[in-house]
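File shown: data_37.txt. Contents: compact mmCIF, C-alpha atoms.
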# COMPACT_ATOMS: atom_id res chain seq x y z
CA MET Q 1 239.26 216.10 123.16
CA LYS Q 2 240.61 214.24 120.11
CA ARG Q 3 240.04 215.57 116.63
CA ILE Q 4 238.88 213.36 113.73
CA GLN Q 5 242.30 213.60 112.10
CA ASP Q 6 243.91 212.30 115.32
CA ILE Q 7 241.48 209.37 115.47
CA GLU Q 8 242.10 208.54 111.79
CA ARG Q 9 245.84 208.45 112.42
CA MET Q 10 245.48 205.92 115.29
CA THR Q 11 246.75 202.36 114.74
CA MET Q 12 245.21 199.08 115.94
CA VAL Q 13 247.79 198.99 118.77
CA ASP Q 14 246.54 202.41 119.93
CA TRP Q 15 242.92 201.15 119.84
CA ASP Q 16 243.86 198.03 121.88
CA ARG Q 17 245.69 200.18 124.44
CA ILE Q 18 242.72 202.55 124.86
CA GLY Q 19 240.32 199.60 125.08
CA ALA Q 20 242.40 197.96 127.83
CA ASP Q 21 242.67 201.18 129.83
CA GLU Q 22 240.13 200.80 132.65
CA SER Q 23 240.88 204.20 134.08
CA LEU Q 24 238.92 205.88 131.28
CA PRO Q 25 235.40 206.80 132.46
CA VAL Q 26 232.44 205.07 130.77
CA PRO Q 27 229.71 207.58 129.78
CA LYS Q 28 226.64 207.15 132.00
CA ASP Q 29 224.21 207.25 129.05
CA LEU Q 30 226.12 204.64 127.04
CA GLN Q 31 223.20 202.15 127.35
CA VAL Q 32 220.81 204.69 125.85
CA ARG Q 33 222.97 205.28 122.83
CA LEU Q 34 223.39 201.58 122.02
CA PRO Q 35 220.59 200.05 119.89
CA ARG Q 36 218.31 197.97 122.04
CA ARG Q 37 217.18 194.50 121.06
CA ARG Q 38 213.53 195.52 121.20
CA ALA Q 39 214.13 198.42 118.82
CA VAL Q 40 215.82 196.03 116.38
CA VAL Q 41 212.88 193.62 116.58
CA TRP Q 42 210.40 196.43 115.95
CA SER Q 43 212.37 197.81 113.02
CA ILE Q 44 212.41 194.33 111.44
CA ALA Q 45 208.68 193.97 112.12
CA ALA Q 46 208.02 197.37 110.53
CA SER Q 47 210.04 196.37 107.46
CA VAL Q 48 208.09 193.11 107.19
CA ALA Q 49 204.81 195.08 107.49
CA VAL Q 50 205.86 197.49 104.71
CA VAL Q 51 206.91 194.62 102.40
CA ALA Q 52 203.67 192.74 103.21
CA GLY Q 53 201.65 195.90 102.48
CA ILE Q 54 203.30 196.37 99.09
CA GLY Q 55 202.81 192.69 98.30
CA LEU Q 56 199.18 192.79 99.38
CA SER Q 57 198.36 195.83 97.24
CA ALA Q 58 200.01 194.16 94.23
CA LEU Q 59 198.07 190.96 94.91
CA LEU Q 60 194.72 192.74 95.23
CA ARG Q 61 195.17 194.80 92.06
CA THR Q 62 192.99 192.85 89.64
CA PRO Q 63 193.84 193.13 85.96
CA GLU Q 64 191.46 195.09 83.74
CA PRO Q 65 189.38 192.69 81.59
CA LYS Q 66 189.24 193.14 77.83
CA ASP Q 67 186.29 195.12 76.46
CA THR Q 68 183.68 192.90 74.79
CA PHE Q 69 182.79 195.65 72.31
CA THR Q 70 185.03 197.89 70.27
CA ASP Q 71 182.09 199.85 68.91
CA PRO Q 72 180.49 202.26 71.44
CA TYR Q 73 177.12 201.92 69.68
CA LEU Q 74 177.13 198.15 70.33
CA ALA Q 75 178.18 198.75 73.94
CA TYR Q 76 175.29 201.21 74.34
CA ALA Q 77 172.89 198.62 72.85
CA ALA Q 78 174.12 196.07 75.42
CA MET Q 79 173.46 198.58 78.20
CA GLU Q 80 169.96 199.19 76.83
CA GLN Q 81 169.35 195.43 76.90
CA ALA Q 82 170.59 195.22 80.48
CA PHE Q 83 168.28 198.04 81.58
CA SER Q 84 165.41 196.52 79.66
CA ARG Q 85 165.94 193.27 81.57
CA MET Q 86 166.06 195.13 84.89
CA GLY Q 87 162.90 197.00 83.88
CA GLN Q 88 161.14 193.73 83.02
CA MET Q 89 161.97 192.50 86.47
CA VAL Q 90 160.59 195.62 88.12
CA ALA Q 91 157.44 195.31 85.98
CA ARG Q 92 157.04 191.65 86.96
CA SER Q 93 157.33 192.56 90.65
CA ALA Q 94 154.66 195.22 90.17
CA ASP Q 95 152.42 192.63 88.43
CA ILE Q 96 152.79 190.17 91.30
CA ILE Q 97 151.91 192.90 93.80
CA GLU Q 98 148.88 193.91 91.69
CA GLN Q 99 147.70 190.28 91.41
CA SER Q 100 147.95 189.79 95.16
CA GLU Q 101 146.02 193.04 95.76
CA ASN Q 102 143.26 191.82 93.40
CA LYS Q 103 143.07 188.53 95.31
CA VAL Q 104 142.67 190.47 98.57
CA THR Q 105 139.86 192.58 97.04
CA TYR Q 106 138.11 189.40 95.76
CA TRP Q 107 138.06 187.78 99.19
CA LYS Q 108 136.78 190.91 100.97
CA MET Z 1 208.36 188.46 115.93
CA LYS Z 2 206.69 185.14 115.17
CA LYS Z 3 203.38 186.54 116.43
CA ILE Z 4 203.65 189.56 114.13
CA ILE Z 5 204.38 187.37 111.09
CA THR Z 6 201.47 185.07 111.99
CA ILE Z 7 199.09 188.07 112.31
CA LEU Z 8 200.27 189.49 108.97
CA ALA Z 9 199.90 186.12 107.23
CA THR Z 10 196.38 185.68 108.64
CA LEU Z 11 195.40 189.20 107.56
CA LEU Z 12 196.75 188.57 104.06
CA ALA Z 13 194.84 185.30 103.76
CA ALA Z 14 191.61 186.85 105.07
CA VAL Z 15 191.77 189.87 102.78
CA THR Z 16 192.52 187.83 99.65
CA ALA Z 17 189.76 185.35 100.47
CA PHE Z 18 187.02 187.97 100.91
CA ALA Z 19 188.09 190.81 98.61
CA GLN Z 20 185.70 189.95 95.79
CA SER Z 21 184.17 192.36 93.35
CA GLY Z 22 182.28 192.16 90.09
CA LYS Z 23 185.58 192.54 88.26
CA ASP Z 24 187.21 189.69 90.23
CA LEU Z 25 184.30 187.38 89.44
CA TYR Z 26 184.39 188.41 85.78
CA ASN Z 27 188.12 187.69 85.54
CA LYS Z 28 187.63 184.32 87.21
CA TYR Z 29 184.64 183.06 85.21
CA SER Z 30 184.55 184.85 81.84
CA ASP Z 31 186.92 182.42 80.08
CA LEU Z 32 185.30 179.23 81.36
CA ASP Z 33 183.32 176.90 79.11
CA GLY Z 34 179.55 177.32 79.36
CA ILE Z 35 179.82 181.00 80.27
CA SER Z 36 178.66 183.95 78.18
CA ALA Z 37 180.36 187.15 79.29
CA VAL Z 38 180.01 190.85 78.53
CA TYR Z 39 182.28 193.60 79.85
CA VAL Z 40 182.04 197.34 79.21
CA SER Z 41 185.05 199.31 80.49
CA PRO Z 42 185.19 202.85 81.93
CA ALA Z 43 186.93 204.00 78.72
CA MET Z 44 184.05 202.62 76.64
CA PHE Z 45 181.52 204.40 78.86
CA ARG Z 46 183.43 207.65 78.27
CA MET Z 47 183.30 206.98 74.52
CA ILE Z 48 179.55 206.31 74.66
CA GLY Z 49 179.14 209.60 76.53
CA LYS Z 50 180.78 211.44 73.64
CA ILE Z 51 178.49 210.03 70.95
CA PRO Z 52 176.55 213.06 69.72
CA ASP Z 53 173.58 211.28 68.15
CA ILE Z 54 172.30 208.21 69.95
CA ASP Z 55 169.07 206.96 68.42
CA ILE Z 56 166.64 205.86 71.08
CA GLU Z 57 164.33 203.37 69.40
CA ASP Z 58 160.78 202.84 70.60
CA GLY Z 59 160.74 200.39 73.47
CA ASN Z 60 164.22 201.37 74.66
CA VAL Z 61 165.11 203.66 77.51
CA ASP Z 62 167.25 206.77 77.24
CA LEU Z 63 170.39 206.09 79.27
CA THR Z 64 172.26 209.23 78.24
CA PRO Z 65 171.55 211.11 81.53
CA ILE Z 66 173.51 208.53 83.55
CA ILE Z 67 175.81 206.82 81.04
CA GLN Z 68 178.82 209.01 81.88
CA SER Z 69 178.50 208.23 85.58
CA MET Z 70 178.94 204.50 84.87
CA THR Z 71 182.41 203.00 85.23
CA GLY Z 72 181.95 199.32 84.51
CA PHE Z 73 179.45 196.70 83.44
CA TYR Z 74 179.98 192.97 83.93
CA MET Z 75 177.63 190.24 82.83
CA LEU Z 76 178.14 186.54 83.35
CA ASP Z 77 175.62 183.99 82.15
CA ALA Z 78 176.37 180.44 83.30
CA GLU Z 79 174.51 177.66 81.52
CA ASP Z 80 176.60 174.80 82.85
CA PRO Z 81 174.97 173.62 86.14
CA GLY Z 82 178.33 173.04 87.88
CA VAL Z 83 179.73 176.46 86.96
CA ALA Z 84 176.36 178.10 87.70
CA SER Z 85 176.24 176.77 91.28
CA LYS Z 86 179.88 177.81 91.91
CA LEU Z 87 179.20 181.29 90.55
CA GLU Z 88 176.02 181.57 92.60
CA ALA Z 89 177.94 180.73 95.80
CA GLU Z 90 180.59 183.38 95.04
CA VAL Z 91 177.97 186.01 94.21
CA LYS Z 92 176.24 185.25 97.52
CA ARG Z 93 179.54 185.91 99.30
CA LEU Z 94 180.03 189.15 97.33
CA LEU Z 95 176.57 190.38 98.27
CA ASN Z 96 177.01 189.46 101.94
CA GLY Z 97 180.43 191.09 102.16
CA LYS Z 98 179.47 194.54 100.92
CA LYS Z 99 176.63 196.69 102.10
CA TYR Z 100 174.19 195.66 99.40
CA GLU Z 101 170.54 196.43 99.81
CA LEU Z 102 167.88 194.22 98.24
CA LEU Z 103 165.71 196.41 96.04
CA PHE Z 104 163.45 193.77 94.45
CA GLU Z 105 162.95 190.04 94.56
CA THR Z 106 160.63 188.00 92.40
CA LYS Z 107 160.02 184.29 92.61
CA GLU Z 108 157.92 182.76 89.86
CA ASN Z 109 157.73 179.18 88.60
CA GLY Z 110 161.10 178.28 90.11
CA GLU Z 111 162.80 181.38 88.71
CA VAL Z 112 164.30 183.75 91.25
CA THR Z 113 165.43 187.28 90.37
CA ARG Z 114 166.97 189.73 92.79
CA LEU Z 115 168.08 193.32 92.30
CA PHE Z 116 170.56 194.83 94.76
CA THR Z 117 172.07 198.28 95.07
CA ALA Z 118 175.02 199.59 97.09
CA GLY Z 119 175.80 203.21 97.77
CA SER Z 120 175.25 206.06 100.11
CA GLY Z 121 172.37 208.52 100.23
CA SER Z 122 171.72 209.95 96.80
CA THR Z 123 174.53 208.04 95.04
CA VAL Z 124 174.46 204.43 93.85
CA ASN Z 125 177.89 202.83 93.41
CA SER Z 126 176.77 199.41 92.32
CA VAL Z 127 173.67 197.73 90.91
CA VAL Z 128 173.62 193.93 90.89
CA LEU Z 129 171.00 191.79 89.21
CA VAL Z 130 171.02 188.04 89.81
CA ASN Z 131 168.73 185.60 88.08
CA LYS Z 132 168.44 181.88 88.79
CA GLU Z 133 166.42 179.70 86.50
CA ALA Z 134 166.64 175.88 86.68
CA SER Z 135 170.34 175.20 86.07
CA GLU Z 136 171.17 178.64 84.68
CA PHE Z 137 172.56 181.57 86.66
CA THR Z 138 173.00 185.15 85.45
CA LEU Z 139 174.90 187.98 87.11
CA MET Z 140 174.75 191.59 85.96
CA CYS Z 141 176.87 194.11 87.78
CA LEU Z 142 176.84 197.81 86.98
CA GLU Z 143 179.34 200.09 88.72
CA GLY Z 144 179.77 203.86 88.87
CA LYS Z 145 178.62 206.95 90.72
CA MET Z 146 175.03 207.12 89.61
CA ASP Z 147 172.39 209.51 90.85
CA ARG Z 148 169.86 207.35 92.73
CA GLU Z 149 166.83 209.39 91.69
CA GLU Z 150 167.85 209.32 88.01
CA LEU Z 151 168.57 205.59 88.12
CA GLU Z 152 165.21 204.82 89.73
CA ARG Z 153 163.45 207.01 87.16
CA ILE Z 154 165.16 205.15 84.29
CA LEU Z 155 164.31 201.76 85.84
CA ALA Z 156 160.67 202.81 86.23
CA GLU Z 157 160.69 204.00 82.59
CA ALA Z 158 162.16 200.66 81.49
CA ALA Z 159 159.48 198.80 83.45
CA ALA Z 160 156.72 200.79 81.77
CA LYS Z 161 157.95 199.92 78.22
Write the structure described by the file as structure tokens, please.
Amino acid sequence: MKRIQDIERMTMVDWDRIGADESLPVPKDLQVRLPRRRAVVWSIAASVAVVAGIGLSALLRTPEPKDTFTDPYLAYAAMEQAFSRMGQMVARSADIIEQSENKVTYWK
Amino acid sequence: MKKIITILATLLAAVTAFAQSGKDLYNKYSDLDGISAVYVSPAMFRMIGKIPDIDIEDGNVDLTPIIQSMTGFYMLDAEDPGVASKLEAEVKRLLNGKKYELLFETKENGEVTRLFTAGSGSTVNSVVLVNKEASEFTLMCLEGKMDREELERILAEAAAK
């Protein structure tokens, strides 16, 4: 067994000689240790997915609009108006239902 | 590899096309001509919640029980017929995309008003009011984590005033 220091001391000529030596046994599990093409493809696909995910989250992050009011009292008044409008709508619906009920009673 | 990229590109296009919210619509339309816009941010709602003495005038409802559970209010009022019809189409898509439930609908003399809510069980995450009158279209969108019972009580109170 060679030590790291021995390997570091080897020259290119030594490497060529070892490479050309067919008597050296090839490890049986050499195929397993080499990166397969499929693994490379999947790692690239995973990288693309991660980059796309980051890009997508950045794209979907909508900027915060600017507040219409700087005074909280005015903002509260606007909310009151909004609820008043919603309430009017609910009241109108109730009126329509009441009117239709009266019509039904009239025709009975 | 090509298949994976195609799938990712399709997903990206689909998500960006349908990921609409009240905030997205506000950002898109608030600066256009013929649009009146109002936005109240989560920070402003927190500030309102800290006001110690809110005067509730006669005819107004007391919103203090739910004001701190609100996180955003968007209002868009489109008076330009072209902008109004575009906004209406986008709001329709927004309401179809999420699990909105129609709470009320009134149709009177060509004016249509609809009130939708979205949420789960006892919590309402979004209240949307749309109003269409001739060439005008109004959208009101209120977001937060509001107690359904409290919200309905306040709406009933507002209707009675």
Closest atom pairs, residues of chain Z within 6 Å of chain Q, all atoms listed in the file, as JSON lines:
{"residue": "Z:Val38", "atom": "CA", "partner": "Q:Thr68", "partner_atom": "CA", "distance": 5.6}
{"residue": "Z:Tyr39", "atom": "CA", "partner": "Q:Thr68", "partner_atom": "CA", "distance": 5.3}
{"residue": "Z:Val40", "atom": "CA", "partner": "Q:Asp67", "partner_atom": "CA", "distance": 5.5}
{"residue": "Z:Ser41", "atom": "CA", "partner": "Q:Asp67", "partner_atom": "CA", "distance": 5.9}
{"residue": "Z:Ile48", "atom": "CA", "partner": "Q:Pro72", "partner_atom": "CA", "distance": 5.3}
{"residue": "Z:Thr106", "atom": "CA", "partner": "Q:Ser93", "partner_atom": "CA", "distance": 5.9}
{"residue": "Z:Leu155", "atom": "CA", "partner": "Q:Gly87", "partner_atom": "CA", "distance": 5.3}
{"residue": "Z:Ala158", "atom": "CA", "partner": "Q:Gly87", "partner_atom": "CA", "distance": 4.4}
{"residue": "Z:Ala159", "atom": "CA", "partner": "Q:Gly87", "partner_atom": "CA", "distance": 3.9}
- Task: Identify, on the basis of only C-alpha atoms, every residue whose closest approach to Ala89 in chain Z does not exceed 12 Å; exclude the query and any residue fewer than 6 positions from it along the same chain; express the result as a PyMOL selection string.
- Result: chain Z and resi 25+82-83+95-96+130+132+137+139
Would you export the selected residues with C-alpha atoms as a CSV table (one decimal), in the coordinates of the input, please?
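part.csv was written with the following content:
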chain,number,residue,atom,x,y,z
Z,25,LEU,CA,184.3,187.4,89.4
Z,82,GLY,CA,178.3,173.0,87.9
Z,83,VAL,CA,179.7,176.5,87.0
Z,95,LEU,CA,176.6,190.4,98.3
Z,96,ASN,CA,177.0,189.5,101.9
Z,130,VAL,CA,171.0,188.0,89.8
Z,132,LYS,CA,168.4,181.9,88.8
Z,137,PHE,CA,172.6,181.6,86.7
Z,139,LEU,CA,174.9,188.0,87.1
- Query: So what do you get for CA of Met12 in chain Q versus CA of Arg37 in chain Q, distance-wise?
  - Reply: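 Result for CA of Met12 in chain Q versus CA of Arg37 in chain Q: 28.9 Å, one decimal.
The spacing separating CA of Lys50 in chain Z from CA of Thr71 in chain Z amounts to 14.4 Å.
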- Task: Return the single residue from Z:Arg46, Z:Thr113, Z:Ala78, Z:Lys92 that is closest to Gly34 in chain Z, with distances computed using all atoms listed in the file.
- Result: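 Among the listed residues, the smallest separation from Gly34 in chain Z belongs to Z:Ala78.
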Just need the box for range 119-128 of chain Z, edges along x, y and z, holding every atom the file lists for it with 6 Å tacked onto each side, so centre and edge lengths in Å to one decimal, as JSON.
{"center_x": 174.8, "center_y": 201.9, "center_z": 95.6, "size_x": 18.2, "size_y": 28.0, "size_z": 21.3}
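As for CA of Ala58 in chain Q and CA of Lys28 in chain Z, they are spaced 17.3 Å apart.
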So that I can check the surroundings of Met140 in chain Z, please list as a PDB file with C-alpha atoms, in the frame of the given file every protein, DNA and RNA residue that reaches within 6 Å of it, counting only C-alpha atoms and ignoring chain neighbours fewer than 4 positions away.
ATOM      1  CA  TYR Z  74     179.980 192.970  83.930  1.00  0.00           C
ATOM      2  CA  MET Z  75     177.630 190.240  82.830  1.00  0.00           C
ATOM      3  CA  VAL Z 128     173.620 193.930  90.890  1.00  0.00           C
ATOM      4  CA  LEU Z 129     171.000 191.790  89.210  1.00  0.00           C
TER       5      LEU Z 129
END
- Item | Long-range neighbours of range 117-121 of chain Z as a ChimeraX atom specification, 12 Å cut-off, all atoms listed in the file, 6 positions minimum in chain | /Z:94-104,127-130,140-149,151-152
